[in-house]
file my_file-v2.cif (mmCIF, C-alpha atoms)
data_my_file
loop_
_atom_site.label_atom_id
_atom_site.label_comp_id
_atom_site.auth_asym_id
_atom_site.auth_seq_id
_atom_site.Cartn_x
_atom_site.Cartn_y
_atom_site.Cartn_z
CA MET A 1 1.13 -25.37 -21.79
CA PHE A 2 4.83 -25.27 -20.98
CA MET A 3 6.25 -28.34 -19.26
CA ALA A 4 8.64 -28.23 -16.36
CA GLN A 5 12.15 -28.96 -17.59
CA SER A 6 14.00 -31.96 -16.27
CA PRO A 7 17.61 -31.66 -15.12
CA GLU A 8 18.57 -33.86 -18.07
CA THR A 9 17.29 -31.35 -20.63
CA LEU A 10 19.56 -28.70 -19.24
CA GLY A 11 22.52 -31.00 -18.79
CA VAL A 12 23.40 -32.77 -15.57
CA GLY A 13 26.32 -30.48 -14.78
CA VAL A 14 24.23 -27.34 -14.94
CA ALA A 15 21.47 -28.95 -12.92
CA ALA A 16 23.89 -30.14 -10.28
CA ASP A 17 25.36 -26.66 -9.87
CA VAL A 18 22.10 -24.83 -9.47
CA MET A 19 20.71 -27.44 -7.12
CA LEU A 20 23.74 -27.49 -4.84
CA PRO A 21 23.67 -25.04 -1.93
CA ARG A 22 26.89 -23.20 -1.20
CA ILE A 23 27.94 -22.69 2.38
CA ALA A 24 27.45 -19.19 3.74
CA ARG A 25 27.87 -17.71 7.19
CA VAL A 26 25.60 -15.44 9.19
CA ARG A 27 27.28 -12.14 9.95
CA GLY A 28 24.48 -10.58 11.94
CA LEU A 29 20.74 -10.51 12.59
CA ARG A 30 18.32 -7.84 13.69
CA LEU A 31 14.65 -7.92 14.56
CA ASP A 32 12.83 -5.84 11.95
CA GLY A 33 9.23 -6.69 12.78
CA PRO A 34 7.14 -9.23 14.67
CA GLU A 35 8.88 -12.61 14.31
CA THR A 36 10.72 -11.05 11.40
CA TRP A 37 14.49 -11.00 11.30
CA THR A 38 16.89 -9.52 8.81
CA LEU A 39 19.99 -11.62 8.25
CA ASP A 40 23.26 -10.32 6.84
CA VAL A 41 25.02 -13.28 5.29
CA GLU A 42 28.59 -13.59 4.06
CA ASP A 43 28.31 -15.10 0.61
CA GLU A 44 31.79 -14.87 -0.83
CA GLY A 45 31.91 -13.89 -4.47
CA ASN A 46 28.15 -13.66 -4.83
CA ALA A 47 27.19 -10.57 -2.85
CA GLY A 48 26.25 -7.62 -5.05
CA SER A 49 25.38 -9.88 -7.97
CA PHE A 50 21.61 -9.84 -7.70
CA VAL A 51 18.94 -7.73 -9.33
CA PRO A 52 16.37 -6.25 -6.91
CA GLY A 53 13.36 -8.55 -6.90
CA GLN A 54 15.33 -11.78 -7.23
CA PHE A 55 15.52 -14.39 -4.49
CA ASN A 56 17.84 -16.95 -2.97
CA MET A 57 16.94 -20.43 -1.79
CA MET A 58 18.05 -20.46 1.84
CA THR A 59 18.80 -23.73 3.58
CA ALA A 60 18.61 -24.32 7.29
CA PHE A 61 20.68 -27.48 7.38
CA GLY A 62 18.80 -30.47 8.70
CA VAL A 63 15.49 -28.65 8.41
CA GLY A 64 14.86 -27.57 4.84
CA GLU A 65 15.02 -24.90 2.17
CA VAL A 66 12.84 -21.85 1.45
CA PRO A 67 12.84 -19.06 -1.15
CA ILE A 68 13.58 -15.65 0.35
CA SER A 69 13.88 -12.39 -1.58
CA PHE A 70 16.92 -10.17 -1.30
CA SER A 71 16.08 -7.25 0.96
CA GLY A 72 19.42 -5.45 1.18
CA ASP A 73 21.41 -2.93 -0.78
CA PRO A 74 22.30 -4.36 -4.20
CA SER A 75 25.50 -2.34 -4.27
CA ASN A 76 26.79 -4.02 -1.12
CA ALA A 77 29.47 -6.43 -2.33
CA ASP A 78 30.30 -7.44 1.19
CA CYS A 79 27.30 -9.54 2.16
CA VAL A 80 23.74 -10.40 1.14
CA THR A 81 20.70 -9.48 3.17
CA HIS A 82 17.44 -11.38 3.56
CA THR A 83 14.42 -10.58 5.72
CA VAL A 84 12.75 -13.72 7.04
CA ARG A 85 9.49 -14.05 8.92
CA ALA A 86 9.26 -17.14 11.12
CA VAL A 87 6.11 -18.81 9.82
CA GLY A 88 7.21 -22.42 9.30
CA HIS A 89 9.90 -24.84 10.44
CA VAL A 90 12.52 -23.68 7.95
CA SER A 91 11.97 -19.95 8.28
CA ALA A 92 11.82 -20.28 12.07
CA ALA A 93 15.11 -22.20 12.02
CA LEU A 94 16.70 -19.47 9.91
CA THR A 95 15.64 -16.78 12.36
CA ARG A 96 17.17 -18.79 15.23
CA LEU A 97 20.63 -18.72 13.64
CA GLU A 98 23.32 -16.71 15.34
CA PRO A 99 26.31 -14.78 14.01
CA GLY A 100 28.90 -17.26 12.79
CA ASP A 101 26.39 -20.03 12.09
CA VAL A 102 26.33 -21.55 8.63
CA LEU A 103 23.44 -21.89 6.23
CA GLY A 104 23.06 -22.86 2.60
CA LEU A 105 22.35 -20.55 -0.29
CA ARG A 106 21.35 -21.17 -3.90
CA GLY A 107 20.73 -18.32 -6.27
CA PRO A 108 20.12 -15.58 -7.18
CA PHE A 109 17.04 -16.84 -9.01
CA GLY A 110 14.14 -15.38 -10.93
CA THR A 111 13.40 -12.12 -12.65
CA GLY A 112 13.98 -8.76 -11.03
CA TRP A 113 12.21 -5.44 -11.01
CA PRO A 114 12.64 -3.49 -14.30
CA MET A 115 15.44 -1.25 -13.06
CA ALA A 116 16.54 0.02 -16.48
CA GLU A 117 13.01 0.98 -17.48
CA MET A 118 12.58 3.21 -14.44
CA ALA A 119 15.17 5.73 -15.60
CA GLY A 120 13.63 9.14 -16.27
CA ARG A 121 10.20 8.07 -15.03
CA ASP A 122 8.14 8.57 -11.90
CA VAL A 123 8.24 5.45 -9.75
CA VAL A 124 5.33 4.38 -7.55
CA ILE A 125 6.16 1.60 -5.13
CA ILE A 126 3.24 -0.08 -3.37
CA ALA A 127 4.16 -2.54 -0.63
CA GLY A 128 1.92 -4.52 1.66
CA GLY A 129 3.14 -6.20 4.84
CA LEU A 130 6.30 -8.23 4.29
CA GLY A 131 6.12 -7.20 0.63
CA LEU A 132 8.29 -4.23 1.52
CA ALA A 133 11.30 -6.53 1.81
CA PRO A 134 11.69 -7.38 -1.91
CA LEU A 135 11.17 -3.70 -2.76
CA ARG A 136 13.75 -2.34 -0.35
CA PRO A 137 16.67 -3.03 -2.73
CA VAL A 138 14.84 -0.97 -5.36
CA LEU A 139 14.64 1.95 -2.96
CA TYR A 140 18.34 1.68 -2.12
CA HIS A 141 19.13 1.75 -5.81
CA LEU A 142 16.79 4.65 -6.63
CA LEU A 143 18.06 6.74 -3.74
CA ALA A 144 21.69 6.05 -4.64
CA GLN A 145 21.07 7.40 -8.13
CA ARG A 146 18.24 9.76 -7.29
CA ASP A 147 18.90 12.21 -10.14
CA ARG A 148 18.11 9.57 -12.73
CA TYR A 149 14.45 9.28 -11.72
CA GLY A 150 11.35 11.46 -11.49
CA ASN A 151 9.12 11.51 -8.43
CA VAL A 152 9.51 8.44 -6.27
CA ALA A 153 6.64 7.47 -3.99
CA LEU A 154 6.59 4.63 -1.50
CA LEU A 155 3.09 3.65 -0.39
CA TYR A 156 3.21 1.11 2.41
CA GLY A 157 0.39 -0.70 4.17
CA THR A 158 0.39 -3.18 7.00
CA ARG A 159 -2.12 -4.82 9.25
CA SER A 160 -1.34 -2.77 12.37
CA PRO A 161 1.32 -0.35 13.63
CA GLU A 162 3.09 -3.26 15.34
CA ASP A 163 3.56 -4.98 11.98
CA VAL A 164 5.48 -2.14 10.33
CA LEU A 165 8.84 -3.31 8.99
CA TYR A 166 12.09 -1.35 9.01
CA HIS A 167 10.83 1.32 11.42
CA GLN A 168 14.01 3.38 11.57
CA GLU A 169 14.59 3.30 7.86
CA LEU A 170 11.03 4.36 7.09
CA ARG A 171 11.40 7.25 9.49
CA SER A 172 14.62 8.28 7.81
CA TRP A 173 13.13 7.96 4.32
CA GLY A 174 10.07 9.93 5.44
CA GLY A 175 12.36 12.84 6.29
CA ARG A 176 13.78 13.06 2.79
CA SER A 177 12.51 15.71 0.44
CA ASP A 178 13.23 13.58 -2.63
CA LEU A 179 11.13 10.61 -1.55
CA GLU A 180 7.42 10.60 -0.83
CA VAL A 181 6.60 8.08 1.89
CA ASP A 182 2.98 7.45 2.76
CA MET A 183 2.08 4.72 5.18
CA THR A 184 -1.18 3.29 6.46
CA VAL A 185 -2.40 0.45 8.64
CA ASP A 186 -5.63 -1.51 8.37
CA HIS A 187 -6.40 -1.38 12.09
CA ALA A 188 -5.13 0.75 14.95
CA THR A 189 -5.91 2.07 18.37
CA THR A 190 -6.00 5.78 19.09
CA THR A 191 -2.34 5.72 20.14
CA TRP A 192 -1.42 5.52 16.43
CA HIS A 193 -1.28 8.92 14.79
CA GLY A 194 -0.62 7.78 11.24
CA HIS A 195 -3.13 6.89 8.56
CA VAL A 196 -5.69 4.12 8.94
CA GLY A 197 -7.21 2.51 5.88
CA VAL A 198 -6.17 0.09 3.19
CA VAL A 199 -3.05 0.78 1.15
CA THR A 200 -5.05 1.36 -2.03
CA THR A 201 -6.49 4.56 -0.51
CA LEU A 202 -3.01 6.09 -0.62
CA VAL A 203 -2.80 5.95 -4.41
CA PRO A 204 -4.97 9.02 -5.18
CA HIS A 205 -2.79 11.11 -2.83
CA ALA A 206 0.55 10.10 -4.37
CA THR A 207 2.36 12.49 -6.69
CA PHE A 208 3.08 10.96 -10.07
CA ASP A 209 2.34 11.46 -13.73
CA PRO A 210 0.36 8.37 -14.75
CA ILE A 211 1.51 8.66 -18.35
CA ASN A 212 5.16 8.64 -17.34
CA ALA A 213 5.04 6.46 -14.25
CA ILE A 214 6.10 2.92 -13.58
CA ALA A 215 4.54 1.06 -10.65
CA LEU A 216 5.95 -1.80 -8.60
CA VAL A 217 3.60 -3.76 -6.37
CA CYS A 218 4.41 -6.45 -3.82
CA GLY A 219 2.27 -7.93 -1.06
CA PRO A 220 -0.53 -10.43 -0.53
CA GLU A 221 -2.14 -11.25 -3.86
CA ILE A 222 -5.54 -9.79 -2.98
CA MET A 223 -3.91 -6.57 -1.90
CA MET A 224 -1.97 -6.47 -5.17
CA ARG A 225 -5.12 -6.93 -7.24
CA PHE A 226 -6.81 -4.01 -5.47
CA ALA A 227 -3.65 -1.90 -5.68
CA ILE A 228 -3.43 -2.53 -9.40
CA GLY A 229 -7.08 -1.48 -9.68
CA ALA A 230 -6.27 1.79 -7.95
CA LEU A 231 -3.28 2.37 -10.22
CA ARG A 232 -5.40 1.73 -13.32
CA ASP A 233 -8.06 4.11 -11.97
CA ALA A 234 -5.29 6.69 -11.64
CA GLY A 235 -4.41 6.22 -15.30
CA VAL A 236 -1.35 3.97 -15.12
CA ALA A 237 -1.18 1.60 -18.10
CA ASP A 238 -1.12 -2.16 -17.53
CA GLU A 239 2.26 -2.30 -19.30
CA ALA A 240 3.73 0.02 -16.67
CA ILE A 241 2.67 -2.07 -13.68
CA TYR A 242 4.90 -4.81 -12.28
CA LEU A 243 4.11 -7.20 -9.47
CA SER A 244 5.97 -9.86 -7.55
CA MET A 245 4.11 -13.15 -7.28
CA GLU A 246 4.42 -15.71 -4.56
CA ARG A 247 3.88 -19.42 -5.06
CA ASN A 248 5.23 -22.63 -3.58
CA MET A 249 8.74 -22.50 -5.02
CA LYS A 250 10.92 -25.57 -4.47
CA CYS A 251 13.61 -26.07 -7.09
CA ALA A 252 13.82 -22.39 -8.15
CA VAL A 253 14.76 -23.25 -11.74
CA GLY A 254 11.56 -24.54 -13.32
CA PHE A 255 12.33 -28.26 -12.85
CA CYS A 256 9.75 -29.35 -10.35
CA GLY A 257 6.60 -27.48 -11.35
CA HIS A 258 5.49 -26.71 -7.81
CA CYS A 259 5.13 -23.02 -8.59
CA GLN A 260 3.40 -23.43 -11.93
CA PHE A 261 1.16 -20.48 -12.67
CA GLY A 262 -0.72 -21.33 -15.86
CA PRO A 263 1.93 -21.58 -18.56
CA LEU A 264 4.51 -19.89 -16.35
CA PHE A 265 6.76 -20.92 -13.51
CA VAL A 266 6.95 -18.26 -10.83
CA CYS A 267 10.49 -19.27 -9.84
CA ARG A 268 11.89 -19.03 -13.34
CA ASP A 269 9.60 -16.67 -15.28
CA GLY A 270 8.94 -14.55 -12.19
CA PRO A 271 8.63 -13.75 -9.39
CA VAL A 272 8.43 -10.27 -10.97
CA PHE A 273 5.94 -10.10 -13.81
CA ARG A 274 4.64 -7.27 -15.93
CA TYR A 275 0.95 -7.04 -15.13
CA ASP A 276 -0.38 -7.28 -18.68
CA ARG A 277 1.39 -10.64 -19.03
CA VAL A 278 -0.36 -12.24 -16.05
CA ARG A 279 -3.57 -10.22 -16.01
CA THR A 280 -5.78 -13.09 -17.18
CA LEU A 281 -4.09 -15.61 -14.88
CA LEU A 282 -4.70 -13.51 -11.77
CA GLY A 283 -8.43 -13.96 -12.26
CA VAL A 284 -8.28 -17.76 -12.36
CA LYS A 285 -9.40 -19.23 -9.03
CA GLU A 286 -7.70 -22.59 -9.55
CA LEU A 287 -4.28 -20.95 -9.93
CA MET B 1 -16.78 28.98 13.53
CA THR B 2 -14.90 31.63 11.63
CA ASP B 3 -16.11 34.66 9.74
CA THR B 4 -15.80 34.07 6.01
CA THR B 5 -17.68 35.91 3.28
CA THR B 6 -19.95 34.03 0.87
CA ALA B 7 -17.61 34.89 -1.99
CA ASP B 8 -14.64 33.50 -0.08
CA LEU B 9 -16.61 30.37 0.72
CA ALA B 10 -17.60 29.85 -2.90
CA ARG B 11 -13.95 30.16 -3.92
CA ILE B 12 -12.75 27.74 -1.24
CA ILE B 13 -15.50 25.26 -2.08
CA LYS B 14 -14.59 25.37 -5.76
CA GLU B 15 -10.94 24.75 -4.93
CA HIS B 16 -11.71 21.66 -2.88
CA PRO B 17 -11.01 18.44 -4.86
CA PHE B 18 -14.43 17.03 -4.03
CA PHE B 19 -16.11 19.87 -5.88
CA ALA B 20 -13.58 20.24 -8.68
CA GLY B 21 -15.19 21.60 -11.81
CA LEU B 22 -18.48 22.37 -10.07
CA ASP B 23 -20.84 24.75 -11.86
CA GLU B 24 -20.71 28.29 -10.46
CA ARG B 25 -24.42 28.28 -9.73
CA PHE B 26 -24.19 25.07 -7.72
CA CYS B 27 -21.20 26.45 -5.88
CA ASP B 28 -23.30 29.39 -4.73
CA LEU B 29 -26.04 27.03 -3.52
CA ILE B 30 -23.53 25.16 -1.35
CA SER B 31 -22.04 28.41 -0.05
CA ASP B 32 -25.47 29.39 1.23
CA CYS B 33 -25.38 26.32 3.49
CA ALA B 34 -21.72 26.39 4.45
CA THR B 35 -19.37 27.90 6.94
CA THR B 36 -15.73 27.38 7.86
CA GLU B 37 -14.64 25.72 11.07
CA GLN B 38 -11.44 24.88 12.85
CA PHE B 39 -10.87 22.00 15.26
CA GLU B 40 -7.89 21.72 17.57
CA ALA B 41 -6.01 18.43 17.80
CA ASN B 42 -8.00 15.83 19.79
CA ALA B 43 -11.26 17.78 19.45
CA TYR B 44 -14.27 15.77 18.33
CA LEU B 45 -16.20 16.89 15.28
CA PHE B 46 -19.08 14.56 16.14
CA HIS B 47 -19.97 11.44 18.06
CA GLU B 48 -21.60 8.12 17.24
CA GLY B 49 -25.37 8.18 17.61
CA GLU B 50 -25.75 11.91 17.07
CA GLN B 51 -27.94 13.32 14.34
CA ALA B 52 -26.03 13.80 11.07
CA ASN B 53 -26.61 17.50 10.70
CA HIS B 54 -23.47 18.32 8.71
CA PHE B 55 -20.88 17.05 6.35
CA TYR B 56 -17.37 18.39 6.12
CA LEU B 57 -14.94 19.23 3.37
CA LEU B 58 -11.51 18.76 4.91
CA ARG B 59 -9.23 21.64 3.93
CA HIS B 60 -6.34 21.04 6.28
CA GLY B 61 -5.37 18.45 8.87
CA ARG B 62 -6.54 14.91 9.48
CA VAL B 63 -9.52 13.27 11.14
CA ALA B 64 -9.77 9.79 12.67
CA LEU B 65 -13.02 7.84 12.55
CA GLU B 66 -13.29 5.84 15.74
CA ILE B 67 -15.58 3.21 17.16
CA LYS B 68 -15.63 2.50 20.87
CA SER B 69 -14.95 -1.11 21.70
CA PRO B 70 -15.66 -2.33 25.24
CA GLY B 71 -12.43 -3.28 26.92
CA HIS B 72 -10.31 -1.92 24.05
CA GLY B 73 -11.00 1.80 24.20
CA SER B 74 -11.52 3.30 20.78
CA ILE B 75 -10.47 1.62 17.55
CA VAL B 76 -9.57 3.78 14.57
CA ILE B 77 -11.24 2.40 11.47
CA GLN B 78 -10.23 5.08 9.00
CA THR B 79 -8.41 8.36 8.77
CA LEU B 80 -9.26 11.15 6.38
CA ARG B 81 -7.09 14.00 5.23
CA ALA B 82 -7.24 17.34 3.47
CA GLY B 83 -8.99 17.06 0.14
CA GLU B 84 -11.41 14.40 1.35
CA ILE B 85 -14.94 14.61 2.71
CA LEU B 86 -16.18 13.57 6.12
CA GLY B 87 -19.75 12.51 6.81
CA VAL B 88 -22.12 10.63 4.55
CA SER B 89 -24.82 9.69 7.08
CA TRP B 90 -26.73 12.87 6.22
CA LEU B 91 -27.60 11.29 2.86
CA VAL B 92 -29.89 8.54 4.11
CA PRO B 93 -32.46 8.16 6.89
CA PRO B 94 -32.33 7.92 9.83
CA TYR B 95 -29.48 10.47 9.40
CA ARG B 96 -27.62 9.09 12.39
CA LEU B 97 -23.84 9.15 12.75
CA ALA B 98 -22.20 5.74 13.07
CA VAL B 99 -18.73 6.73 14.32
CA ASP B 100 -16.88 9.28 16.38
CA ALA B 101 -14.77 11.74 14.38
CA LYS B 102 -11.72 13.22 16.07
CA ALA B 103 -9.22 15.73 14.74
CA ILE B 104 -5.77 14.10 14.91
CA GLU B 105 -4.16 17.47 14.35
CA LEU B 106 -5.36 21.03 13.82
CA THR B 107 -8.09 20.59 11.22
CA ARG B 108 -9.87 23.17 9.11
CA THR B 109 -13.14 22.37 7.38
CA ILE B 110 -15.89 23.77 5.31
CA THR B 111 -18.90 22.59 7.25
CA VAL B 112 -22.09 22.17 5.26
CA ASN B 113 -25.50 22.18 6.91
CA ALA B 114 -27.22 18.98 5.78
CA ALA B 115 -30.84 20.13 6.14
CA CYS B 116 -30.09 23.27 4.16
CA LEU B 117 -28.38 21.30 1.40
CA GLN B 118 -31.12 18.67 1.31
CA GLY B 119 -33.64 21.48 0.85
CA LYS B 120 -31.71 22.84 -2.11
CA CYS B 121 -31.42 19.36 -3.60
CA ASP B 122 -35.19 18.94 -3.31
CA GLU B 123 -35.80 22.33 -4.94
CA ASP B 124 -33.33 21.84 -7.77
CA HIS B 125 -33.08 18.24 -8.96
CA ASP B 126 -30.19 19.04 -11.29
CA PHE B 127 -28.27 20.17 -8.25
CA GLY B 128 -29.42 17.09 -6.31
CA TYR B 129 -28.24 14.82 -9.13
CA GLU B 130 -24.89 16.61 -9.22
CA MET B 131 -24.51 15.98 -5.48
CA MET B 132 -25.34 12.29 -5.90
CA GLN B 133 -22.84 11.98 -8.73
CA ARG B 134 -20.14 13.32 -6.44
CA PHE B 135 -21.06 11.36 -3.34
CA MET B 136 -21.75 7.97 -4.92
CA PRO B 137 -18.17 7.26 -6.09
CA ILE B 138 -16.91 8.09 -2.60
CA LEU B 139 -19.44 5.73 -1.05
CA VAL B 140 -18.52 2.92 -3.44
CA GLN B 141 -14.77 3.47 -2.96
CA ARG B 142 -15.19 3.36 0.81
CA LEU B 143 -17.33 0.22 0.54
CA HIS B 144 -14.61 -1.50 -1.50
CA ALA B 145 -11.93 -0.36 0.91
CA THR B 146 -13.94 -1.67 3.85
CA ARG B 147 -14.30 -5.05 2.17
CA LEU B 148 -10.56 -5.21 1.63
CA GLN B 149 -10.03 -4.21 5.26
CA LEU B 150 -12.37 -7.00 6.37
CA LEU B 151 -10.38 -9.55 4.39
CA ASP B 152 -7.46 -8.89 6.71
CA VAL B 153 -5.07 -9.71 3.87
CA TYR B 154 -1.98 -9.41 6.06
CA GLY B 155 -3.46 -11.75 8.66
CA ALA B 156 -2.12 -14.87 7.04
CA LYS B 157 1.59 -14.45 7.46
CA SER B 158 3.53 -15.13 4.32
#
call {"tool": "encode", "arguments": {"input": "my_file-v2.cif", "output": "structure tokens"}}
result
Amino acid sequence: MFMAQSPETLGVGVAADVMLPRIARVRGLRLDGPETWTLDVEDEGNAGSFVPGQFNMMTAFGVGEVPISFSGDPSNADCVTHTVRAVGHVSAALTRLEPGDVLGLRGPFGTGWPMAEMAGRDVVIIAGGLGLAPLRPVLYHLLAQRDRYGNVALLYGTRSPEDVLYHQELRSWGGRSDLEVDMTVDHATTTWHGHVGVVTTLVPHATFDPINAIALVCGPEIMMRFAIGALRDAGVADEAIYLSMERNMKCAVGFCGHCQFGPLFVCRDGPVFRYDRVRTLLGVKEL
Amino acid sequence: MTDTTTADLARIIKEHPFFAGLDERFCDLISDCATTEQFEANAYLFHEGEQANHFYLLRHGRVALEIKSPGHGSIVIQTLRAGEILGVSWLVPPYRLAVDAKAIELTRTITVNAACLQGKCDEDHDFGYEMMQRFMPILVQRLHATRLQLLDVYGAKS
């Protein structure tokens, strides 16, 4: 088993740098879902330096720090964007910030989605609930360089129509001829005219060549397991499936061990993992 | 119902994903029991509690499966689209439909008479086994999907 590294093993200076939040300022916020706000944050010199899939540690001063994935355009060198759902004290405090308020940022941390490996291949993106946020930068990137990729399909599932994130953007993407967008909700009333059913049921309807496709999956872990099952049924190899894991990340650099996942640390070795590398761990109840 | 020749029906049935690769002879057996139908948006194909006299191959459009909930109107539990099948209650006694099925948009179907098909399955067990082999995976997939739906995986906000 790997052991969490202490700050001393990396050198105090390095540890001090990565553990020290830098001051950033909120440029704007918008409500993008129930209790879910997207923050544009001025992060001088650091915007545009992340890989889709990575995360920042965001500090609400006086309250605490939480890991939040980047959810904005990776080519935007002007500010960084994070989508935060108010579920605890820290995330709620972050969503109560106003333009001009300061917050702390550490990062970017973790592994990103395999952007280079997607070139020339079909890309199947399966997002569940808030899991669309860490995948949105991938979509920005793919659409900005659309010619470099094969078919691109976004399959998105949420609990109900009210829980759908990024309404306007999804509508706009749905109107594009070079992007297949299929969306479903688990439960709905008759006022909803979209699909009803779990997100895995969208997989057989998506257009992709399983031999030449790469799949990115992000959402609640149970949903990801079932989605991966559907992808495998469709003929996608384990080595072509990537998922973003969520665990209790604290230090973000593999010091503290809070996010240990078998021999791995989700903050440092993930959050994006290739499926075949975590396949056996996903089946372990105690993890 | 629309006027379609048996040959046309056999061709359409064979083209439907649910019957992909079906033996020509079996295709003809189904054609004998089938007809084409069209449902306008908001029209009901069937209602909960009715006898399951048919199943449907969806060719075009979408259908919502609804359950009435007192005080909440109807709740949509699943939607089906072209290429899928609608109606499995005809397979097992008491052959009673458990949901309402409503066309969300203009929907075209191949509608198969259940009693007719059951008769052919009883007469030709090879055909009956072929039908079971095609229906069982759908039933299992829908069972798994329902379990996942019940888990309400997005309920716990993350």
call {"tool": "closest_atom_pairs", "arguments": {"input": "my_file-v2.cif", "of": "chain B", "to": "chain A", "cutoff": "9 Å", "atoms": "all atoms listed in the file", "output": "Markdown table"}}
result
| residue | atom | partner | partner_atom | distance |
| --- | --- | --- | --- | --- |
| B:Arg62 | CA | A:His195 | CA | 8.8 |
| B:Ala64 | CA | A:Val196 | CA | 7.9 |
| B:Leu65 | CA | A:Val196 | CA | 9.0 |
| B:Glu66 | CA | A:Thr190 | CA | 8.0 |
| B:His72 | CA | A:Thr189 | CA | 8.2 |
| B:Gly73 | CA | A:Thr189 | CA | 7.7 |
| B:Ser74 | CA | A:Thr189 | CA | 6.2 |
| B:Ile75 | CA | A:Thr189 | CA | 4.7 |
| B:Val76 | CA | A:Ala188 | CA | 5.4 |
| B:Ile77 | CA | A:His187 | CA | 6.2 |
| B:Gln78 | CA | A:Val196 | CA | 4.6 |
| B:Thr79 | CA | A:Val196 | CA | 5.0 |
| B:Leu80 | CA | A:His195 | CA | 7.8 |
| B:Arg81 | CA | A:His195 | CA | 8.8 |
| B:Ile104 | CA | A:His193 | CA | 6.9 |
| B:Gln141 | CA | A:Thr201 | CA | 8.7 |
| B:Arg142 | CA | A:Thr201 | CA | 8.9 |
| B:Ala145 | CA | A:Val198 | CA | 6.2 |
| B:Thr146 | CA | A:Val198 | CA | 8.0 |
| B:Leu148 | CA | A:Val198 | CA | 7.1 |
| B:Gln149 | CA | A:Asp186 | CA | 6.0 |
| B:Leu150 | CA | A:Asp186 | CA | 8.9 |
| B:Leu151 | CA | A:Ile222 | CA | 8.8 |
| B:Asp152 | CA | A:Arg159 | CA | 7.2 |
| B:Val153 | CA | A:Pro220 | CA | 6.4 |
| B:Tyr154 | CA | A:Arg159 | CA | 5.6 |
| B:Gly155 | CA | A:Arg159 | CA | 7.1 |
| B:Ala156 | CA | A:Pro220 | CA | 8.9 |
| B:Lys157 | CA | A:Val87 | CA | 6.7 |
| B:Ser158 | CA | A:Val87 | CA | 7.1 |
call {"tool": "atom_distance", "arguments": {"input": "my_file-v2.cif", "atom1": "atom CA of A:Asp40", "atom2": "atom CA of A:Pro99"}}
result
9.0 Å
call {"tool": "resolve_selection", "arguments": {"input": "my_file-v2.cif", "expression": "the PyMOL selection byres ((chain B and resi 50) around 12)", "output": "count of residues only"}}
result
20
call {"tool": "resolve_selection", "arguments": {"input": "my_file-v2.cif", "expression": "the PyMOL selection byres ((chain B and resi 12) around 10)", "output": "PyMOL selection string"}}
result
chain B and resi 6-11+13-16+19+27+31+36+57+59+110
call {"tool": "write_last_selection", "arguments": {"input": "my_file-v2.cif", "atoms": "C-alpha atoms", "output": "PDB file, in the coordinates of the input"}}
result
ATOM      1  CA  THR B   6     -19.950  34.030   0.870  1.00  0.00           C
ATOM      2  CA  ALA B   7     -17.610  34.890  -1.990  1.00  0.00           C
ATOM      3  CA  ASP B   8     -14.640  33.500  -0.080  1.00  0.00           C
ATOM      4  CA  LEU B   9     -16.610  30.370   0.720  1.00  0.00           C
ATOM      5  CA  ALA B  10     -17.600  29.850  -2.900  1.00  0.00           C
ATOM      6  CA  ARG B  11     -13.950  30.160  -3.920  1.00  0.00           C
ATOM      7  CA  ILE B  13     -15.500  25.260  -2.080  1.00  0.00           C
ATOM      8  CA  LYS B  14     -14.590  25.370  -5.760  1.00  0.00           C
ATOM      9  CA  GLU B  15     -10.940  24.750  -4.930  1.00  0.00           C
ATOM     10  CA  HIS B  16     -11.710  21.660  -2.880  1.00  0.00           C
ATOM     11  CA  PHE B  19     -16.110  19.870  -5.880  1.00  0.00           C
ATOM     12  CA  CYS B  27     -21.200  26.450  -5.880  1.00  0.00           C
ATOM     13  CA  SER B  31     -22.040  28.410  -0.050  1.00  0.00           C
ATOM     14  CA  THR B  36     -15.730  27.380   7.860  1.00  0.00           C
ATOM     15  CA  LEU B  57     -14.940  19.230   3.370  1.00  0.00           C
ATOM     16  CA  ARG B  59      -9.230  21.640   3.930  1.00  0.00           C
ATOM     17  CA  ILE B 110     -15.890  23.770   5.310  1.00  0.00           C
TER      18      ILE B 110
END
call {"tool": "resolve_selection", "arguments": {"input": "my_file-v2.cif", "expression": "the PyMOL selection byres ((chain A and resi 65) around 10)", "output": "compact mmCIF listing (two decimals) with C-alpha atoms, in the frame of the given file"}}
result
# COMPACT_ATOMS: atom_id res chain seq x y z
CA PRO A 21 23.67 -25.04 -1.93
CA ASN A 56 17.84 -16.95 -2.97
CA MET A 57 16.94 -20.43 -1.79
CA MET A 58 18.05 -20.46 1.84
CA THR A 59 18.80 -23.73 3.58
CA ALA A 60 18.61 -24.32 7.29
CA PHE A 61 20.68 -27.48 7.38
CA GLY A 62 18.80 -30.47 8.70
CA VAL A 63 15.49 -28.65 8.41
CA GLY A 64 14.86 -27.57 4.84
CA VAL A 66 12.84 -21.85 1.45
CA PRO A 67 12.84 -19.06 -1.15
CA ILE A 68 13.58 -15.65 0.35
CA HIS A 89 9.90 -24.84 10.44
CA VAL A 90 12.52 -23.68 7.95
CA SER A 91 11.97 -19.95 8.28
CA LEU A 94 16.70 -19.47 9.91
CA LEU A 103 23.44 -21.89 6.23
CA GLY A 104 23.06 -22.86 2.60
CA LEU A 105 22.35 -20.55 -0.29
CA ARG A 106 21.35 -21.17 -3.90
CA MET A 249 8.74 -22.50 -5.02
CA LYS A 250 10.92 -25.57 -4.47
CA CYS A 251 13.61 -26.07 -7.09
call {"tool": "residues_near_point", "arguments": {"input": "my_file-v2.cif", "point": "(2.9, -23.3, -2.6)", "cutoff": "7 Å", "atoms": "only C-alpha atoms", "output": "PyMOL selection string"}}
result
chain A and resi 247-249+258-259
